[in-house]
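Colleague: For reference, this is entry-v2.cif, and it has mmCIF, C-alpha atoms and all ligand atoms.
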data_query
loop_
_atom_site.label_atom_id
_atom_site.label_comp_id
_atom_site.auth_asym_id
_atom_site.auth_seq_id
_atom_site.Cartn_x
_atom_site.Cartn_y
_atom_site.Cartn_z
CA MET A 558 89.25 -173.89 -164.46
CA ARG A 559 88.45 -170.80 -166.40
CA HIS A 560 88.96 -167.53 -164.58
CA ARG A 561 86.49 -164.71 -164.68
CA ALA A 562 88.27 -161.58 -165.65
CA THR A 563 86.03 -159.08 -163.92
CA ALA A 564 84.55 -160.97 -160.97
CA PRO A 565 85.51 -159.53 -157.60
CA ASN A 566 87.99 -161.49 -155.56
CA ARG A 567 87.35 -162.17 -151.92
CA ARG A 568 89.29 -159.24 -150.52
CA ASP A 569 87.64 -156.89 -152.95
CA ALA A 570 84.24 -158.18 -151.95
CA LEU A 571 84.93 -157.87 -148.25
CA ALA A 572 86.15 -154.34 -148.69
CA ALA A 573 82.57 -153.27 -149.38
CA LEU A 574 80.99 -151.57 -146.39
CA ALA A 575 77.96 -152.71 -144.46
CA GLY A 576 75.55 -155.54 -144.84
CA ALA A 577 76.22 -158.38 -147.19
CA VAL A 578 79.02 -159.21 -149.58
CA LEU A 579 79.19 -161.32 -152.69
CA LEU A 580 81.40 -164.36 -152.29
CA PRO A 581 83.41 -165.92 -155.14
CA TRP A 582 81.36 -168.23 -157.20
CA ALA A 583 82.26 -171.91 -156.91
CA GLY A 584 79.84 -173.19 -159.55
CA PRO A 585 80.52 -174.61 -163.01
CA ALA A 586 82.96 -172.59 -165.05
CA ALA A 587 80.89 -172.33 -168.24
CA ALA A 588 79.69 -168.82 -167.42
CA GLU A 589 81.52 -165.57 -166.86
CA VAL A 590 80.62 -162.82 -164.46
CA ARG A 591 80.67 -159.36 -166.11
CA HIS A 592 80.95 -156.57 -163.68
CA GLU A 593 80.69 -152.79 -163.55
CA ARG A 594 81.44 -150.76 -160.41
CA HIS A 595 80.75 -147.11 -159.58
CA PHE A 596 80.55 -145.10 -156.36
CA LEU A 597 77.00 -143.93 -155.65
CA PHE A 598 74.89 -143.42 -152.53
CA GLY A 599 78.20 -142.94 -150.70
CA SER A 600 79.30 -146.52 -151.32
CA PRO A 601 80.41 -148.93 -154.03
CA VAL A 602 77.69 -150.01 -156.42
CA ASP A 603 78.14 -153.18 -158.46
CA VAL A 604 76.05 -154.55 -161.27
CA MET A 605 76.88 -158.02 -162.53
CA LEU A 606 75.68 -160.46 -165.12
CA ARG A 607 76.54 -164.13 -165.27
CA GLN A 608 76.33 -165.57 -168.73
CA ALA A 609 78.06 -167.41 -171.54
CA PRO A 610 81.46 -165.87 -172.35
CA GLN A 611 80.53 -164.49 -175.80
CA SER A 612 77.23 -162.83 -174.91
CA PRO A 613 77.17 -159.04 -175.08
CA ALA A 614 76.59 -157.88 -171.50
CA GLU A 615 78.02 -154.37 -171.61
CA PRO A 616 74.98 -152.47 -173.02
CA ALA A 617 72.69 -153.90 -170.33
CA LEU A 618 75.20 -153.22 -167.57
CA ALA A 619 75.74 -149.63 -168.71
CA ARG A 620 72.02 -148.99 -169.00
CA VAL A 621 71.24 -150.31 -165.53
CA MET A 622 74.14 -148.31 -164.06
CA ARG A 623 72.78 -145.14 -165.71
CA GLY A 624 69.39 -145.80 -164.12
CA LEU A 625 71.02 -146.11 -160.70
CA GLN A 626 72.95 -142.88 -161.21
CA HIS A 627 69.73 -141.07 -162.06
CA ILE A 628 68.06 -142.33 -158.88
CA HIS A 629 71.10 -141.38 -156.84
CA VAL A 630 70.74 -137.75 -157.87
CA GLN A 631 66.97 -137.38 -158.05
CA TRP A 632 65.96 -139.28 -154.93
CA ASN A 633 68.49 -137.88 -152.52
CA ALA A 634 66.75 -135.59 -150.05
CA TRP A 635 69.94 -133.62 -149.43
CA LYS A 636 71.16 -133.05 -152.98
CA PRO A 637 69.68 -130.57 -155.46
CA GLY A 638 67.42 -132.99 -157.33
CA GLU A 639 63.70 -133.65 -157.56
CA LEU A 640 63.32 -134.70 -153.93
CA GLY A 641 65.15 -131.59 -152.72
CA ARG A 642 62.77 -129.43 -154.77
CA ILE A 643 59.74 -131.21 -153.30
CA ASN A 644 61.01 -130.80 -149.74
CA GLN A 645 61.52 -127.10 -150.35
CA ALA A 646 57.89 -126.77 -151.45
CA LEU A 647 56.65 -128.80 -148.46
CA ARG A 648 58.56 -126.51 -146.09
CA GLU A 649 56.89 -123.51 -147.68
CA GLY A 650 53.44 -125.10 -147.61
CA ARG A 651 53.20 -125.11 -151.41
CA SER A 652 51.80 -127.82 -153.65
CA VAL A 653 54.36 -129.36 -156.01
CA THR A 654 54.28 -131.83 -158.90
CA ALA A 655 56.24 -135.07 -158.75
CA SER A 656 57.44 -137.39 -161.51
CA PRO A 657 55.58 -140.70 -161.99
CA ALA A 658 58.51 -142.66 -160.51
CA LEU A 659 58.65 -140.52 -157.38
CA ARG A 660 54.86 -140.58 -156.97
CA ALA A 661 54.96 -144.37 -157.11
CA MET A 662 57.73 -144.45 -154.54
CA ILE A 663 55.91 -142.11 -152.14
CA ARG A 664 52.72 -144.17 -152.42
CA SER A 665 54.42 -147.54 -151.88
CA ALA A 666 56.44 -146.10 -148.98
CA ALA A 667 53.25 -144.78 -147.37
CA GLN A 668 51.80 -148.29 -147.41
CA LEU A 669 54.95 -149.71 -145.85
CA GLU A 670 55.00 -146.97 -143.20
CA GLN A 671 51.53 -148.05 -142.20
CA ALA A 672 52.35 -151.77 -142.35
CA SER A 673 55.44 -151.17 -140.19
CA ALA A 674 53.31 -149.47 -137.50
CA GLY A 675 55.28 -146.29 -138.16
CA PHE A 676 58.76 -147.60 -137.29
CA PHE A 677 59.69 -147.07 -140.96
CA ASN A 678 58.80 -143.44 -141.57
CA PRO A 679 60.17 -141.66 -144.68
CA ALA A 680 58.59 -138.37 -143.51
CA ILE A 681 61.46 -138.28 -141.00
CA GLY A 682 63.71 -135.83 -142.93
CA GLY A 683 63.38 -133.05 -140.33
CA ALA A 684 64.61 -135.32 -137.53
CA VAL A 685 67.43 -136.68 -139.73
CA GLN A 686 68.54 -133.11 -140.35
CA ALA A 687 68.27 -132.14 -136.67
CA TRP A 688 70.61 -135.03 -135.79
CA GLY A 689 73.04 -133.98 -138.54
CA PHE A 690 72.77 -137.13 -140.62
CA HIS A 691 72.07 -135.29 -143.86
CA ASP A 692 75.76 -134.44 -144.20
CA ASP A 693 78.12 -136.67 -146.16
CA VAL A 694 80.70 -136.33 -143.40
CA MET A 695 79.78 -137.54 -139.91
CA ARG A 696 81.21 -134.95 -137.51
CA ASP A 697 81.28 -135.35 -133.76
CA GLY A 698 79.50 -132.66 -131.75
CA ALA A 699 76.57 -131.98 -129.46
CA ARG A 700 73.12 -133.53 -129.40
CA PRO A 701 70.31 -131.45 -130.93
CA ALA A 702 68.40 -129.19 -128.53
CA ALA A 703 65.63 -131.03 -126.66
CA ALA A 704 63.12 -128.36 -127.75
CA THR A 705 63.92 -128.97 -131.44
CA LEU A 706 63.29 -132.70 -131.06
CA ALA A 707 60.14 -132.14 -129.00
CA ALA A 708 58.73 -129.81 -131.67
CA TRP A 709 59.35 -132.45 -134.32
CA ARG A 710 57.79 -135.19 -132.19
CA ASP A 711 54.72 -133.06 -131.52
CA ALA A 712 54.27 -132.39 -135.24
CA ALA A 713 54.59 -136.18 -135.81
CA PRO A 714 55.23 -136.13 -139.58
CA SER A 715 53.88 -139.10 -141.53
CA LEU A 716 53.42 -139.87 -145.21
CA ALA A 717 49.71 -140.24 -144.38
CA GLN A 718 49.65 -136.42 -144.14
CA ILE A 719 50.39 -136.02 -147.85
CA GLU A 720 47.45 -134.82 -149.91
CA TRP A 721 47.35 -135.57 -153.61
CA ARG A 722 45.77 -133.50 -156.32
CA GLY A 723 46.50 -135.21 -159.62
CA ASP A 724 50.27 -135.28 -160.09
CA ALA A 725 50.84 -132.75 -157.31
CA LEU A 726 51.31 -133.27 -153.61
CA ALA A 727 51.07 -130.98 -150.61
CA SER A 728 50.85 -131.26 -146.85
CA ARG A 729 49.48 -129.15 -144.04
CA ASN A 730 52.36 -130.37 -141.90
CA ALA A 731 55.25 -128.05 -142.81
CA ARG A 732 57.62 -130.28 -140.79
CA LEU A 733 57.02 -133.16 -143.18
CA GLN A 734 60.29 -133.67 -145.06
CA LEU A 735 60.77 -136.68 -147.29
CA ASP A 736 63.86 -138.83 -146.76
CA PHE A 737 64.10 -142.10 -148.65
CA GLY A 738 67.50 -143.03 -147.28
CA ALA A 739 65.97 -146.18 -145.79
CA TYR A 740 64.06 -147.16 -148.93
CA ALA A 741 65.39 -145.78 -152.23
CA LYS A 742 68.19 -148.34 -152.45
CA GLY A 743 65.69 -151.17 -152.20
CA VAL A 744 63.49 -149.61 -154.88
CA ALA A 745 66.56 -149.04 -157.05
CA ILE A 746 67.62 -152.70 -156.71
CA ASP A 747 64.15 -153.86 -157.77
CA ARG A 748 64.19 -151.51 -160.76
CA ALA A 749 67.65 -152.66 -161.82
CA LEU A 750 66.64 -156.33 -161.67
CA ASP A 751 63.40 -155.55 -163.56
CA GLU A 752 65.47 -153.83 -166.23
CA PHE A 753 67.82 -156.81 -166.57
CA ALA A 754 64.87 -159.21 -166.74
CA ALA A 755 63.14 -157.10 -169.41
CA ARG A 756 66.31 -157.31 -171.52
CA GLY A 757 66.42 -161.08 -171.20
CA GLN A 758 69.23 -161.04 -168.64
CA GLY A 759 67.86 -163.33 -165.97
CA ASP A 760 71.09 -164.11 -164.12
CA ALA A 761 72.13 -160.90 -162.43
CA LEU A 762 73.24 -159.35 -159.19
CA VAL A 763 73.02 -155.75 -157.99
CA ASN A 764 74.95 -154.60 -154.92
CA LEU A 765 74.18 -151.17 -153.51
CA GLY A 766 76.67 -150.70 -150.73
CA GLY A 767 76.04 -154.06 -149.10
CA ASN A 768 72.37 -154.35 -150.02
CA LEU A 769 72.07 -157.07 -152.63
CA GLY A 770 69.43 -158.19 -155.05
CA ALA A 771 69.99 -161.27 -157.17
CA MET A 772 68.21 -163.55 -159.56
CA GLY A 773 68.99 -166.61 -161.62
CA ALA A 774 70.14 -170.15 -161.06
CA PRO A 775 72.14 -171.63 -159.37
CA GLY A 776 71.87 -168.68 -157.00
CA TRP A 777 74.63 -166.37 -155.80
CA GLN A 778 76.76 -166.95 -152.72
CA ILE A 779 76.21 -164.12 -150.26
CA GLY A 780 78.05 -163.41 -147.01
CA ILE A 781 76.37 -161.52 -144.16
CA ARG A 782 78.95 -159.30 -142.55
CA ASP A 783 79.94 -159.50 -138.92
CA PRO A 784 78.64 -156.21 -137.42
CA PHE A 785 81.53 -156.18 -134.94
CA GLY A 786 84.47 -156.93 -137.18
CA GLU A 787 85.91 -157.83 -140.54
CA GLY A 788 84.58 -161.33 -141.10
CA LEU A 789 81.20 -162.86 -141.76
CA VAL A 790 78.38 -164.11 -139.58
CA ALA A 791 77.17 -166.59 -142.15
CA SER A 792 76.80 -167.20 -145.86
CA LEU A 793 73.89 -168.41 -147.91
CA ALA A 794 72.87 -168.96 -151.52
CA THR A 795 70.13 -166.79 -152.97
CA GLN A 796 67.07 -168.65 -154.21
CA GLY A 797 65.44 -167.41 -157.41
CA ARG A 798 64.90 -163.68 -157.28
CA GLU A 799 65.76 -162.45 -153.84
CA ALA A 800 67.15 -159.45 -152.00
CA VAL A 801 69.33 -159.42 -148.89
CA VAL A 802 69.15 -156.04 -147.14
CA THR A 803 70.83 -155.04 -143.89
CA SER A 804 70.33 -152.07 -141.60
CA GLY A 805 73.17 -151.64 -139.16
CA SER A 806 73.61 -149.13 -136.37
CA TYR A 807 77.39 -149.61 -136.71
CA GLU A 808 77.95 -148.29 -140.23
CA ARG A 809 77.00 -144.63 -140.00
CA PHE A 810 77.00 -142.81 -136.69
CA ARG A 811 78.09 -139.62 -134.95
CA VAL A 812 79.61 -139.28 -131.50
CA LEU A 813 77.45 -136.63 -129.80
CA ASP A 814 78.20 -135.52 -126.25
CA GLY A 815 80.46 -138.56 -126.04
CA GLU A 816 77.73 -141.01 -127.05
CA ARG A 817 77.62 -143.03 -130.25
CA CYS A 818 74.42 -142.15 -132.12
CA THR A 819 73.30 -144.18 -135.13
CA HIS A 820 71.79 -142.62 -138.25
CA ILE A 821 68.68 -144.78 -137.93
CA LEU A 822 66.14 -142.92 -135.84
CA ASP A 823 63.14 -143.99 -133.81
CA PRO A 824 60.36 -141.73 -135.15
CA PHE A 825 58.40 -141.96 -131.89
CA ARG A 826 61.29 -140.66 -129.80
CA ALA A 827 63.00 -138.60 -132.52
CA ALA A 828 66.17 -140.26 -131.24
CA PRO A 829 68.68 -142.84 -132.45
CA ALA A 830 67.44 -146.43 -132.49
CA ALA A 831 68.80 -148.56 -129.68
CA GLY A 832 68.63 -152.24 -128.81
CA LEU A 833 69.75 -153.98 -132.00
CA VAL A 834 73.04 -153.66 -133.83
CA SER A 835 72.06 -155.16 -137.14
CA VAL A 836 69.01 -156.54 -138.90
CA THR A 837 69.13 -158.45 -142.19
CA VAL A 838 65.95 -159.16 -144.14
CA LEU A 839 65.63 -161.49 -147.12
CA HIS A 840 62.64 -160.97 -149.39
CA ARG A 841 61.67 -161.18 -153.02
CA SER A 842 61.09 -157.42 -152.96
CA ALA A 843 64.22 -155.41 -152.19
CA ALA A 844 61.99 -152.39 -151.47
CA LEU A 845 60.12 -154.28 -148.77
CA ALA A 846 63.35 -155.74 -147.40
CA ASP A 847 64.91 -152.25 -147.14
CA ALA A 848 61.90 -150.73 -145.36
CA ALA A 849 61.61 -153.79 -143.11
CA ALA A 850 65.29 -153.89 -142.12
CA THR A 851 65.05 -150.28 -140.95
CA ALA A 852 61.70 -150.78 -139.21
CA LEU A 853 62.85 -153.89 -137.33
CA LEU A 854 66.09 -152.28 -136.21
CA VAL A 855 64.05 -149.40 -134.77
CA ALA A 856 61.41 -151.70 -133.27
CA GLY A 857 64.17 -153.44 -131.30
CA PRO A 858 64.47 -156.83 -129.60
CA GLN A 859 61.04 -156.88 -127.95
CA ARG A 860 58.93 -155.71 -130.87
CA TRP A 861 60.65 -156.68 -134.12
CA ARG A 862 58.81 -159.99 -134.54
CA ALA A 863 55.39 -158.35 -134.41
CA VAL A 864 56.48 -155.69 -136.92
CA ALA A 865 58.03 -158.34 -139.21
CA GLN A 866 54.76 -160.22 -139.21
CA ARG A 867 52.80 -157.09 -140.12
CA LEU A 868 55.20 -156.45 -142.99
CA GLY A 869 55.30 -160.05 -144.24
CA ALA A 870 59.05 -160.29 -143.62
CA THR A 871 59.55 -163.96 -142.75
CA GLN A 872 63.34 -164.29 -143.22
CA VAL A 873 65.12 -162.17 -140.63
CA LEU A 874 68.45 -162.18 -138.80
CA ALA A 875 68.66 -159.75 -135.86
CA ILE A 876 71.85 -159.22 -133.84
CA GLY A 877 72.07 -157.38 -130.52
CA PRO A 878 74.88 -155.36 -128.90
CA ASP A 879 75.92 -158.37 -126.80
CA GLY A 880 76.86 -160.25 -129.97
CA ARG A 881 73.95 -162.64 -129.71
CA GLY A 882 71.27 -162.90 -132.31
CA VAL A 883 68.17 -164.63 -133.52
CA ALA A 884 67.20 -165.93 -136.93
CA SER A 885 63.64 -166.60 -137.96
CA ALA A 886 62.74 -170.26 -138.44
CA ALA A 887 62.45 -169.75 -142.22
CA LEU A 888 65.99 -168.35 -142.49
CA MET A 889 67.90 -170.46 -139.97
CA PRO A 890 68.22 -173.63 -142.13
CA ARG A 891 69.70 -171.57 -144.99
CA LEU A 892 72.54 -170.06 -142.96
CA GLN A 893 76.02 -171.54 -143.16
CA PHE A 894 77.69 -170.04 -140.12
CA ALA A 895 81.16 -168.63 -140.61
CA GLY A 896 82.41 -170.30 -137.43
CA ARG A 897 81.27 -172.27 -134.42
CA ASP A 898 81.14 -169.10 -132.40
CA TRP A 899 78.40 -167.60 -134.54
CA GLN A 900 76.59 -170.91 -134.68
CA ARG A 901 76.41 -170.82 -130.89
CA ARG A 902 75.40 -167.17 -130.69
CA ILE A 903 72.53 -167.25 -133.19
CA THR A 904 69.40 -169.09 -132.15
CA ALA A 905 66.23 -169.82 -134.09
CA VAL A 906 62.94 -168.18 -133.15
P1 LIG B 1001 71.39 -147.69 -144.74
O1 LIG B 1001 71.90 -146.33 -144.44
O2 LIG B 1001 72.39 -148.77 -144.49
O3 LIG B 1001 70.73 -147.83 -146.05
P2 LIG B 1001 68.75 -147.77 -143.68
O4 LIG B 1001 68.12 -148.45 -144.83
O5 LIG B 1001 68.24 -148.20 -142.34
O6 LIG B 1001 70.30 -147.99 -143.64
O7 LIG B 1001 68.52 -146.22 -143.90
C1 LIG B 1001 68.91 -145.25 -142.97
C2 LIG B 1001 68.58 -143.86 -143.49
O8 LIG B 1001 67.16 -143.72 -143.58
C3 LIG B 1001 69.05 -142.74 -142.58
O9 LIG B 1001 70.29 -142.24 -142.99
C4 LIG B 1001 67.96 -141.70 -142.74
O10 LIG B 1001 68.19 -140.92 -143.89
C5 LIG B 1001 66.71 -142.52 -142.95
N1 LIG B 1001 66.02 -142.93 -141.72
C6 LIG B 1001 66.47 -142.93 -140.45
N2 LIG B 1001 65.57 -143.44 -139.59
C7 LIG B 1001 64.49 -143.80 -140.35
C8 LIG B 1001 63.23 -144.39 -140.04
N3 LIG B 1001 62.87 -144.74 -138.82
N4 LIG B 1001 62.38 -144.60 -141.09
C9 LIG B 1001 62.71 -144.25 -142.34
N5 LIG B 1001 63.87 -143.68 -142.68
C10 LIG B 1001 64.77 -143.46 -141.70
MG MG B 1002 66.32 -149.61 -145.01
#
When written as structure tokens, how does the structure in this file appear?

Modeller:
Amino acid sequence: MRHRATAPNRRDALAALAGAVLLPWAGPAAAEVRHERHFLFGSPVDVMLRQAPQSPAEPALARVMRGLQHIHVQWNAWKPGELGRINQALREGRSVTASPALRAMIRSAAQLEQASAGFFNPAIGGAVQAWGFHDDVMRDGARPAAATLAAWRDAAPSLAQIEWRGDALASRNARLQLDFGAYAKGVAIDRALDEFAARGQGDALVNLGGNLGAMGAPGWQIGIRDPFGEGLVASLATQGREAVVTSGSYERFRVLDGERCTHILDPFRAAPAAGLVSVTVLHRSAALADAAATALLVAGPQRWRAVAQRLGATQVLAIGPDGRGVASAALMPRLQFAGRDWQRRITAV
């Protein structure tokens, strides 16, 4: 069997943080996997192409990686890029122009906020900052003052409060601060796959820190990580173009007043989401999957199914703090459980 020089081995793949991992490919050996890895969005980013050994893959890989780097800088609410500049203007009550790409992202996110019944809310930047999740380093400390959170809740920022005048946006709500931490990676995955497809590279995989988008036949083998440990819950093969996006309360958190607080916040309480440990969504659109995974994690065990239905997310795996989970009927038959334990703990709904 021919070996692929640059494909990740199993340990390498499992070393990636949250969400899903790419498993070694067990298909026919006629193709090679070309691979480029960088560190962006605080995690490893992989772009891969699977193709005949002699085909030139490097220009496409480099181009897609450059696109991801651009997004990483410009769409980070807490770095000095375009989004930072827009947030500054919103704080000061000024109108500000936005690039076509950012305008498109704000508009599509506003639709998803509405479809998610507000559980996905990218106007949440002020609350994210109050809880200290805008820092790269997660320090332990004290909870934010109750009055700060109450003021944010009363102002109830929403993307619906953005007013457009041509290419410029403004809002009367000075507490509205954009944060696409729950969405930009999904949009970036879609853009990367679009770019590959436009260059005739139809067999590709993009991994943004455990959020994967793939296309091509015979599919890519994906593992969904165990939220409690090192191993996997299950693996599956992607079908056609498909994204696998996970939101986990276990990956990024701070210990505040002795309590573990996740970086995913419930916009209605201005407080960390509770009730689910991890939600994985499979969808053709990585953007929708990203927004949905966040929304369902916030919605919690009682409400996630209703929110999933509103969003059109039919393939969902949701795991609770007791280590039990549910998979939607459309996803269940695709899951190959990593052990009998997980098979017992995940039930179909
Ligand atoms: P990940 O960090 O793994 O990508 P998410 O996609 O759920 O997980 O994104 C979480 C990030 O999104 C947070 O760090 C924060 O910046 C932002 N965020 C937190 N809560 C919400 C929410 N309810 N809606 C939209 N964005 C949120
Ligand atoms: Mg998300």

Colleague: With 7 Å as the cut-off and all atoms listed in the file counted, what is the closest atom pair between each nearby residue of chain A and ligand MG 1002 (chain B)? Distances in Å to one decimal, ordered by chain and number, as a Markdown table.

Modeller:
| residue | atom | partner | partner_atom | distance |
| --- | --- | --- | --- | --- |
| A:Ala739 | CA | B:MG1002 | MG | 3.5 |
| A:Tyr740 | CA | B:MG1002 | MG | 5.1 |
| A:Ser804 | CA | B:MG1002 | MG | 5.8 |
| A:Asp847 | CA | B:MG1002 | MG | 3.7 |
| A:Ala848 | CA | B:MG1002 | MG | 4.6 |
| A:Ala849 | CA | B:MG1002 | MG | 6.6 |
| A:Ala850 | CA | B:MG1002 | MG | 5.3 |
| A:Thr851 | CA | B:MG1002 | MG | 4.3 |

Colleague: Which residue gives the smallest distance to Gly767 (chain A) among A:Val873, A:Leu735, A:Val802, A:Ala672, with all atoms listed in the file counted?

Modeller: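 Result for the nearest residue to Gly767 (chain A): A:Val802.
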
Colleague: What is the distance between CA of Phe785 (chain A) and CA of Tyr807 (chain A), in Å to one decimal?

Modeller: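 The value is 8.0 Å.
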
Colleague: With distances taken over only C-alpha atoms, which residue among A:Ile643, A:Leu793, A:Ala658, A:Ala707 lies nearest Ala727 (chain A)?

Modeller: A:Ile643

Colleague: By how many Å are CA of Gly743 (chain A) and CA of Ala609 (chain A) apart?

Modeller: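 The value is 28.1 Å.
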
Colleague: Residues contacting ligand LIG 1001 (chain B) - anything with an atom at most 6 Å away, using only C-alpha atoms and all ligand atoms - can you give me those as a ChimeraX atom specification?

Modeller: /A:676-679,685,736,738-740,804,820-824,847,851

Colleague: If we count only C-alpha atoms and set the cut-off at 9 Å, which residues sit around Gly773 (chain A), ignoring sequence neighbours fewer than 5 positions away in its own chain? Please answer as a PyMOL selection string.

Modeller: chain A and resi 607+758-762+795-798

Colleague: May I ask which of the residues A:Lys742, A:Arg867, A:Arg881, A:Arg841 is the closest one to Ile628 (chain A), counting all atoms listed in the file?

Modeller: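 Ranking A:Lys742, A:Arg867, A:Arg881, A:Arg841 by distance to Ile628 (chain A), first place goes to A:Lys742.
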